[in-house]
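For reference, the structure is listed below as structure tokens.
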Amino acid sequence: MTARLLGLAVAFVALLTVPYWMPGDYYVNVSSQILFYAIFALGLNILVGYAGLVSLGHAGLFGIAAYATGYMLQLGYGHVPAILVALVIGLVSMAIYAVLSLRTTGIGFIMITLALGQILWGLAYRWISLTNGDNGINLPGRPQPFGVEINSANAYYYATLVTFLLALAATTVFVRSPFGAALMGTRDQPRRMNALGYHVWAIRFWACMFSGLLTAVAGVLFVYYTLFISPQTLALPASAEVLLMVISGGAGTLFGPVVGAALVVVVKSVVSGYIERWNMLLGLIFVAIVILMPEGLVPGSARLWRLAWRRASKKGAQP
Amino acid sequence: MNFWLLLTVNSITFGGLLFLLSAGFSLIFGLMRIPNLTHGSLFMLGAYFGATFVGGMLGVAFDFWIAALIAAVLVAALGALLERFLLRQLPGQPLAQVLVTLGISFIAADFCLMVWGGDPINVASPEGLVGFLRVGPLVVPKYRLAVIVIAIVVAIALWLMLERTRLGAMIRAGVDDPDMARVVGIRVSQMFTIVFAVGAGLAAFAGIIGGPILSVYPGIDQDMLPLALVVVILGGTGSLLGSFVGSIIVGFVYNFGQALLPELAYFVLFLPMLLVLILRPQGLFGRYVP
């Protein structure tokens, strides 16, 4: 337990001081990307890890929040109404997703969310009068939360970090609350939970809504980071990517999605500078994870660590 | 008049291609309960292999149909290996199955980009099927009619295989109730490899047959996979008739949607699927809710 606390403290300090030890703005920007994708992955993990519902359409929700922000700004509204409308639209879309896809679980849920994500992508791609099609929407600039400029790489990193820490704290509270326990109950034993008097559908629905909120927040952070949104953000590969972040890091753990987000973003933006075939590398990493650590990187490493620890202490006990 | 006729022929042709693609997808889904997210990649690999064989490789250019068969057999073998050595290790773990099939599809997409580059490859129609068939005032491309015929022949062959042979009866039993099928002595997991290989081969065959119509380009895997998914949700998993009817419906909705409502084409495409999900979650001809 103390090792865990120590690790968390080191990670926290490392996150706080990123602009001081990263070699240059580019890497600070990569860190910002990792953090908002981590928020996205945390949101999806609520469903994949804790509710046992695998969504392959979350990029649609992420993207629709980003589009809503861009569109509102284009219409001439301020940043605050734009962000609020984006969050509301993200939540409403999530509610529609949930009502349609919670009719099933398992593979059925995957298929329906995939199809819903494709609908949103199709609208973004083809409804040119609204979304400007493949050319996307440019944003005029970033907001100034509480009067602070966040145009530099460092400032935007800290804005993202604060949001990330809030999202992580909210997720921790959510997962450890009685509601979180009930949610895991519906994942493992839906029938028993039903017999015990829990409303399984409603529990899943509200878990979806929390997941949708985190996703929409990540979408808004994304669009203010790139200042541009195009249909690519909503496409199936984007949904697959965030799902892979969750599964590769470790679904159903608090830090797994964060590690997964770091893995995918680093391969995508840093390693791709050195290796042309980074997509293939990413695919190979995923296959390797499934073969070597099917439970994901974080629980898998923890298991190996415990195993090594036990072996070491056994050796110590037998001189 | 000709506009509507052409649109109808295009819809049925596209429906035929979708049937070739989704019949295997549906059987794999129904029998193995695996969301095979590599199915679009198998389609794409078949298309690229076929295009290479037709275009000539090491100075030898194959006849279109022979190239299609070789490509289908190659991808079927690949599918069998994939099932045997990867998916077989992960029974009942949908998360790991999703991760591994997506990982493979990333690898396949990048492999195709590496070998064949980013430019679309146009595949010529086979000799004898170039040009148009004229019936009075009507003009219909010959190749598209041929694709319809092929799809119908494959559909009948698959139907005979499933309904009239011992293997088909065993597959149907496995789709309906895998546990009970095992109890009565059917080795369900041995059939997995067969069904997966057949599904992969059919997808690859669809890819090369679709070459002259769709051409072959990077990203075609992600264009086709959701369509196969819609077909299966519409028709019902594990049902051959369902795949057939679903493919024709999607073929019509897709082509007419593209022509009449281009801005909402994708929205219109997924609308019938949502209706089916709400009114009949097991699909039009499915027997169980996935």
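Residue numbers start at 1 in each chain; chains themselves are named A, B, ... in the order of the structure tokens; ligands are numbered from 1 in the order shown.
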For this session: Pick out the chain B residues within 6 Å of chain A. Count only C-alpha atoms. Give them as a VMD selection string.
Result: chain B and resid 96 100 103 106 to 107 110 263 266 to 267 290
Resulting file, chosen residues, N, CA and C atoms, as a CSV table (one decimal), in the first residue's frame:
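This went into selection34.csv:
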```
chain,number,residue,atom,x,y,z
B,96,ALA,N,-10.7,-9.4,-25.0
B,96,ALA,CA,-9.4,-9.8,-25.7
B,96,ALA,C,-9.7,-10.1,-27.2
B,100,VAL,N,-7.7,-8.2,-30.1
B,100,VAL,CA,-6.9,-8.9,-31.0
B,100,VAL,C,-7.4,-8.7,-32.5
B,103,GLY,N,-6.4,-5.3,-33.5
B,103,GLY,CA,-4.9,-5.2,-33.7
B,103,GLY,C,-4.6,-5.8,-35.1
B,106,PHE,N,-5.5,-3.4,-37.8
B,106,PHE,CA,-4.5,-2.4,-37.9
B,106,PHE,C,-3.3,-2.8,-38.8
B,107,ILE,N,-2.8,-4.1,-38.4
B,107,ILE,CA,-1.7,-4.6,-39.1
B,107,ILE,C,-2.0,-4.8,-40.6
B,110,ASP,N,-2.1,-1.5,-42.5
B,110,ASP,CA,-0.8,-0.9,-42.7
B,110,ASP,C,0.0,-1.7,-43.7
B,263,GLU,N,-26.7,14.0,-48.6
B,263,GLU,CA,-26.2,14.6,-47.3
B,263,GLU,C,-26.5,13.7,-46.2
B,266,TYR,N,-25.7,8.3,-45.0
B,266,TYR,CA,-25.3,7.3,-43.9
B,266,TYR,C,-26.4,7.2,-42.9
B,267,PHE,N,-27.0,8.4,-42.6
B,267,PHE,CA,-28.1,8.4,-41.6
B,267,PHE,C,-29.2,7.4,-42.1
B,290,PRO,N,-28.3,-11.3,-29.8
B,290,PRO,CA,-26.8,-11.4,-29.4
B,290,PRO,C,-26.5,-10.7,-28.1
```
Problem set entry | DSSP-assigned strand (DSSP E or B) among stretch 60-228 of chain B, expressed as JSON, numbers by chain | {"B": [60, 121, 132, 133, 134, 135, 138, 139, 140, 141, 216]}
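Non-sequential neighbours of stretch 17-29 of chain B (distance at most 7 Å, separation of 6 or more positions within a chain, only C-alpha atoms) are B:Pro35, B:His39, B:Ala151, B:Val195, B:Phe196, B:Val198, B:Gly199, B:Ala200, B:Leu202, B:Ala203, B:Ala206, B:Gly210, B:Ala228, B:Val231, B:Val232, B:Thr237, B:Gly238, B:Ser239, B:Leu240, B:Ser243, B:Phe244, B:Ser247.
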Exercise. Out of stretch 118-241 of chain B, which residues get helix (DSSP H, G or I) from DSSP, as a ChimeraX atom specification?
Worked result: /B:142-164,166-176,178-183,188-214,220-235,240-241
Prev. selection, C-alpha atoms, output as a PDB file, in the first residue's frame:
```
ATOM      1  CA  LYS B 142     -22.856  -6.803 -68.137  1.00  0.00           C
ATOM      2  CA  TYR B 143     -20.422  -7.187 -65.269  1.00  0.00           C
ATOM      3  CA  ARG B 144     -22.968  -6.106 -62.689  1.00  0.00           C
ATOM      4  CA  LEU B 145     -25.428  -8.697 -63.926  1.00  0.00           C
ATOM      5  CA  ALA B 146     -22.671 -11.312 -63.620  1.00  0.00           C
ATOM      6  CA  VAL B 147     -22.052 -10.294 -59.993  1.00  0.00           C
ATOM      7  CA  ILE B 148     -25.745 -10.773 -59.255  1.00  0.00           C
ATOM      8  CA  VAL B 149     -25.640 -14.239 -60.790  1.00  0.00           C
ATOM      9  CA  ILE B 150     -22.514 -15.157 -58.790  1.00  0.00           C
ATOM     10  CA  ALA B 151     -24.078 -13.994 -55.551  1.00  0.00           C
ATOM     11  CA  ILE B 152     -27.185 -16.059 -56.218  1.00  0.00           C
ATOM     12  CA  VAL B 153     -25.123 -19.146 -57.085  1.00  0.00           C
ATOM     13  CA  VAL B 154     -23.052 -18.774 -53.911  1.00  0.00           C
ATOM     14  CA  ALA B 155     -26.212 -18.240 -51.882  1.00  0.00           C
ATOM     15  CA  ILE B 156     -27.749 -21.434 -53.237  1.00  0.00           C
ATOM     16  CA  ALA B 157     -24.518 -23.383 -52.681  1.00  0.00           C
ATOM     17  CA  LEU B 158     -24.276 -22.136 -49.105  1.00  0.00           C
ATOM     18  CA  TRP B 159     -27.920 -22.917 -48.516  1.00  0.00           C
ATOM     19  CA  LEU B 160     -27.476 -26.473 -49.817  1.00  0.00           C
ATOM     20  CA  MET B 161     -24.371 -26.868 -47.672  1.00  0.00           C
ATOM     21  CA  LEU B 162     -26.166 -25.667 -44.552  1.00  0.00           C
ATOM     22  CA  GLU B 163     -29.489 -27.397 -45.103  1.00  0.00           C
ATOM     23  CA  ARG B 164     -28.630 -30.608 -46.913  1.00  0.00           C
ATOM     24  CA  ARG B 166     -24.205 -33.339 -42.304  1.00  0.00           C
ATOM     25  CA  LEU B 167     -21.673 -30.559 -41.759  1.00  0.00           C
ATOM     26  CA  GLY B 168     -24.382 -27.967 -42.355  1.00  0.00           C
ATOM     27  CA  ALA B 169     -26.666 -29.609 -39.833  1.00  0.00           C
ATOM     28  CA  MET B 170     -23.824 -29.603 -37.302  1.00  0.00           C
ATOM     29  CA  ILE B 171     -23.149 -25.906 -37.948  1.00  0.00           C
ATOM     30  CA  ARG B 172     -26.825 -25.072 -37.511  1.00  0.00           C
ATOM     31  CA  ALA B 173     -26.926 -27.016 -34.277  1.00  0.00           C
ATOM     32  CA  GLY B 174     -23.857 -25.117 -33.087  1.00  0.00           C
ATOM     33  CA  VAL B 175     -25.455 -21.782 -33.943  1.00  0.00           C
ATOM     34  CA  ASP B 176     -28.693 -22.624 -32.167  1.00  0.00           C
ATOM     35  CA  PRO B 178     -23.458 -24.595 -28.760  1.00  0.00           C
ATOM     36  CA  ASP B 179     -23.581 -26.259 -25.344  1.00  0.00           C
ATOM     37  CA  MET B 180     -26.263 -28.740 -26.325  1.00  0.00           C
ATOM     38  CA  ALA B 181     -24.472 -29.448 -29.602  1.00  0.00           C
ATOM     39  CA  ARG B 182     -21.353 -30.341 -27.626  1.00  0.00           C
ATOM     40  CA  VAL B 183     -23.361 -32.630 -25.359  1.00  0.00           C
ATOM     41  CA  VAL B 188     -18.202 -27.376 -32.169  1.00  0.00           C
ATOM     42  CA  SER B 189     -14.732 -25.895 -31.848  1.00  0.00           C
ATOM     43  CA  GLN B 190     -13.484 -27.934 -34.825  1.00  0.00           C
ATOM     44  CA  MET B 191     -16.179 -26.346 -36.926  1.00  0.00           C
ATOM     45  CA  PHE B 192     -14.967 -22.917 -35.855  1.00  0.00           C
ATOM     46  CA  THR B 193     -11.918 -23.248 -38.086  1.00  0.00           C
ATOM     47  CA  ILE B 194     -13.996 -24.406 -41.056  1.00  0.00           C
ATOM     48  CA  VAL B 195     -16.580 -21.667 -40.675  1.00  0.00           C
ATOM     49  CA  PHE B 196     -13.939 -19.010 -40.108  1.00  0.00           C
ATOM     50  CA  ALA B 197     -11.969 -20.109 -43.171  1.00  0.00           C
ATOM     51  CA  VAL B 198     -15.096 -20.215 -45.345  1.00  0.00           C
ATOM     52  CA  GLY B 199     -16.169 -16.802 -44.072  1.00  0.00           C
ATOM     53  CA  ALA B 200     -12.727 -15.337 -44.706  1.00  0.00           C
ATOM     54  CA  GLY B 201     -12.603 -16.856 -48.188  1.00  0.00           C
ATOM     55  CA  LEU B 202     -16.036 -15.483 -49.066  1.00  0.00           C
ATOM     56  CA  ALA B 203     -15.078 -12.028 -47.811  1.00  0.00           C
ATOM     57  CA  ALA B 204     -11.915 -12.092 -49.925  1.00  0.00           C
ATOM     58  CA  PHE B 205     -13.894 -13.336 -52.922  1.00  0.00           C
ATOM     59  CA  ALA B 206     -16.317 -10.432 -52.439  1.00  0.00           C
ATOM     60  CA  GLY B 207     -13.331  -8.107 -52.328  1.00  0.00           C
ATOM     61  CA  ILE B 208     -11.958  -9.148 -55.704  1.00  0.00           C
ATOM     62  CA  ILE B 209     -15.382  -9.477 -57.326  1.00  0.00           C
ATOM     63  CA  GLY B 210     -16.125  -5.970 -56.075  1.00  0.00           C
ATOM     64  CA  GLY B 211     -12.838  -4.674 -57.506  1.00  0.00           C
ATOM     65  CA  PRO B 212     -14.154  -3.601 -60.925  1.00  0.00           C
ATOM     66  CA  ILE B 213     -17.122  -1.845 -59.256  1.00  0.00           C
ATOM     67  CA  LEU B 214     -15.677  -0.257 -56.124  1.00  0.00           C
ATOM     68  CA  ILE B 220     -12.122   0.135 -47.924  1.00  0.00           C
ATOM     69  CA  ASP B 221     -11.965  -2.206 -44.928  1.00  0.00           C
ATOM     70  CA  GLN B 222     -13.533   0.410 -42.696  1.00  0.00           C
ATOM     71  CA  ASP B 223     -16.112   1.253 -45.324  1.00  0.00           C
ATOM     72  CA  MET B 224     -17.276  -2.328 -45.627  1.00  0.00           C
ATOM     73  CA  LEU B 225     -17.174  -3.571 -42.025  1.00  0.00           C
ATOM     74  CA  PRO B 226     -20.016  -1.346 -40.746  1.00  0.00           C
ATOM     75  CA  LEU B 227     -22.130  -2.332 -43.754  1.00  0.00           C
ATOM     76  CA  ALA B 228     -21.648  -6.016 -42.953  1.00  0.00           C
ATOM     77  CA  LEU B 229     -22.598  -5.205 -39.391  1.00  0.00           C
ATOM     78  CA  VAL B 230     -25.810  -3.508 -40.452  1.00  0.00           C
ATOM     79  CA  VAL B 231     -26.676  -6.489 -42.640  1.00  0.00           C
ATOM     80  CA  VAL B 232     -26.196  -8.883 -39.754  1.00  0.00           C
ATOM     81  CA  ILE B 233     -28.190  -6.778 -37.321  1.00  0.00           C
ATOM     82  CA  LEU B 234     -30.963  -6.424 -39.888  1.00  0.00           C
ATOM     83  CA  GLY B 235     -31.086 -10.053 -40.906  1.00  0.00           C
ATOM     84  CA  LEU B 240     -28.240 -17.235 -44.119  1.00  0.00           C
ATOM     85  CA  LEU B 241     -31.649 -16.028 -45.279  1.00  0.00           C
TER      86      LEU B 241
END
```
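Interatomic distance, atom CA of B:Ala108 against atom CA of A:Thr113: 23.7 Å.
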Exercise. With only C-alpha atoms as the basis for distance, which of B:Gly251, B:Gly136, B:Gly46, B:Pro91 is at the shortest distance from B:Thr8?
Worked result: B:Gly251
For this session: Tell me, as an MDAnalysis selection string, which residues lie within 7 Å of A:Tyr37, counting only C-alpha atoms; anything in the same chain fewer than 4 positions away does not count.
Result: chainID A and resid 33 41 218 261
Print the selection's residues with C-alpha atoms to a file, as an mmCIF file, in the first residue's frame.
```
data_model
loop_
_atom_site.group_PDB
_atom_site.id
_atom_site.type_symbol
_atom_site.label_atom_id
_atom_site.label_comp_id
_atom_site.auth_asym_id
_atom_site.auth_seq_id
_atom_site.Cartn_x
_atom_site.Cartn_y
_atom_site.Cartn_z
ATOM 1 C CA GLN A 33 -2.842 14.999 -25.674
ATOM 2 C CA ALA A 41 -10.441 6.585 -21.860
ATOM 3 C CA ALA A 218 -12.466 15.275 -23.334
ATOM 4 C CA ALA A 261 -3.752 6.492 -23.434
#
```
Problem set entry | Residues within 8 Å of stretch 117-134 of chain B, only C-alpha atoms, excluding chain neighbours under 6 positions, as a ChimeraX atom specification | /B:51,54-55,63-65,140-143,146,211-212,215-218
Would you save the residues of that selection, restricted to N, CA and C atoms, as an mmCIF file, in the first residue's frame?
```
data_model
loop_
_atom_site.group_PDB
_atom_site.id
_atom_site.type_symbol
_atom_site.label_atom_id
_atom_site.label_comp_id
_atom_site.auth_asym_id
_atom_site.auth_seq_id
_atom_site.Cartn_x
_atom_site.Cartn_y
_atom_site.Cartn_z
ATOM 1 N N ALA B 51 -6.324 -8.054 -57.214
ATOM 2 C CA ALA B 51 -5.887 -7.008 -58.140
ATOM 3 C C ALA B 51 -4.456 -7.271 -58.591
ATOM 4 N N VAL B 54 -4.455 -10.261 -61.058
ATOM 5 C CA VAL B 54 -5.008 -9.872 -62.355
ATOM 6 C C VAL B 54 -4.032 -8.958 -63.089
ATOM 7 N N GLY B 55 -3.447 -8.014 -62.345
ATOM 8 C CA GLY B 55 -2.557 -7.042 -62.962
ATOM 9 C C GLY B 55 -1.231 -7.649 -63.397
ATOM 10 N N ASP B 63 -5.932 -15.029 -65.273
ATOM 11 C CA ASP B 63 -7.307 -14.772 -65.653
ATOM 12 C C ASP B 63 -8.067 -14.280 -64.417
ATOM 13 N N PHE B 64 -9.058 -13.403 -64.619
ATOM 14 C CA PHE B 64 -9.768 -12.791 -63.501
ATOM 15 C C PHE B 64 -10.329 -13.823 -62.526
ATOM 16 N N TRP B 65 -10.977 -14.849 -63.079
ATOM 17 C CA TRP B 65 -11.666 -15.805 -62.196
ATOM 18 C C TRP B 65 -10.676 -16.668 -61.443
ATOM 19 N N VAL B 140 -27.749 -1.982 -69.578
ATOM 20 C CA VAL B 140 -27.309 -2.473 -68.270
ATOM 21 C C VAL B 140 -25.884 -2.993 -68.403
ATOM 22 N N PRO B 141 -24.973 -2.613 -67.463
ATOM 23 C CA PRO B 141 -23.612 -3.137 -67.531
ATOM 24 C C PRO B 141 -23.609 -4.649 -67.337
ATOM 25 N N LYS B 142 -22.878 -5.335 -68.206
ATOM 26 C CA LYS B 142 -22.856 -6.803 -68.137
ATOM 27 C C LYS B 142 -22.247 -7.301 -66.841
ATOM 28 N N TYR B 143 -21.142 -6.650 -66.424
ATOM 29 C CA TYR B 143 -20.422 -7.187 -65.269
ATOM 30 C C TYR B 143 -21.301 -7.213 -64.025
ATOM 31 N N ALA B 146 -23.432 -10.109 -63.960
ATOM 32 C CA ALA B 146 -22.671 -11.312 -63.620
ATOM 33 C C ALA B 146 -22.492 -11.418 -62.106
ATOM 34 N N GLY B 211 -13.893 -5.523 -56.970
ATOM 35 C CA GLY B 211 -12.838 -4.674 -57.506
ATOM 36 C C GLY B 211 -13.241 -3.814 -58.694
ATOM 37 N N PRO B 212 -13.797 -4.407 -59.759
ATOM 38 C CA PRO B 212 -14.154 -3.601 -60.925
ATOM 39 C C PRO B 212 -15.244 -2.575 -60.628
ATOM 40 N N SER B 215 -13.419 -0.433 -57.044
ATOM 41 C CA SER B 215 -11.964 -0.293 -57.068
ATOM 42 C C SER B 215 -11.406 -0.609 -55.684
ATOM 43 N N VAL B 216 -10.105 -0.643 -55.567
ATOM 44 C CA VAL B 216 -9.485 -1.055 -54.308
ATOM 45 C C VAL B 216 -8.690 0.118 -53.763
ATOM 46 N N TYR B 217 -8.917 0.492 -52.524
ATOM 47 C CA TYR B 217 -8.242 1.661 -51.969
ATOM 48 C C TYR B 217 -8.050 1.472 -50.467
ATOM 49 N N PRO B 218 -7.069 2.155 -49.878
ATOM 50 C CA PRO B 218 -6.885 2.046 -48.425
ATOM 51 C C PRO B 218 -8.118 2.599 -47.726
#
```
For this session: Can you pull out every residue within 12 Å of A:Arg4, counting only C-alpha atoms, but drop anything in the same chain fewer than 4 positions away, and send it as a ChimeraX atom specification?
Result: /A:8-11,255,302
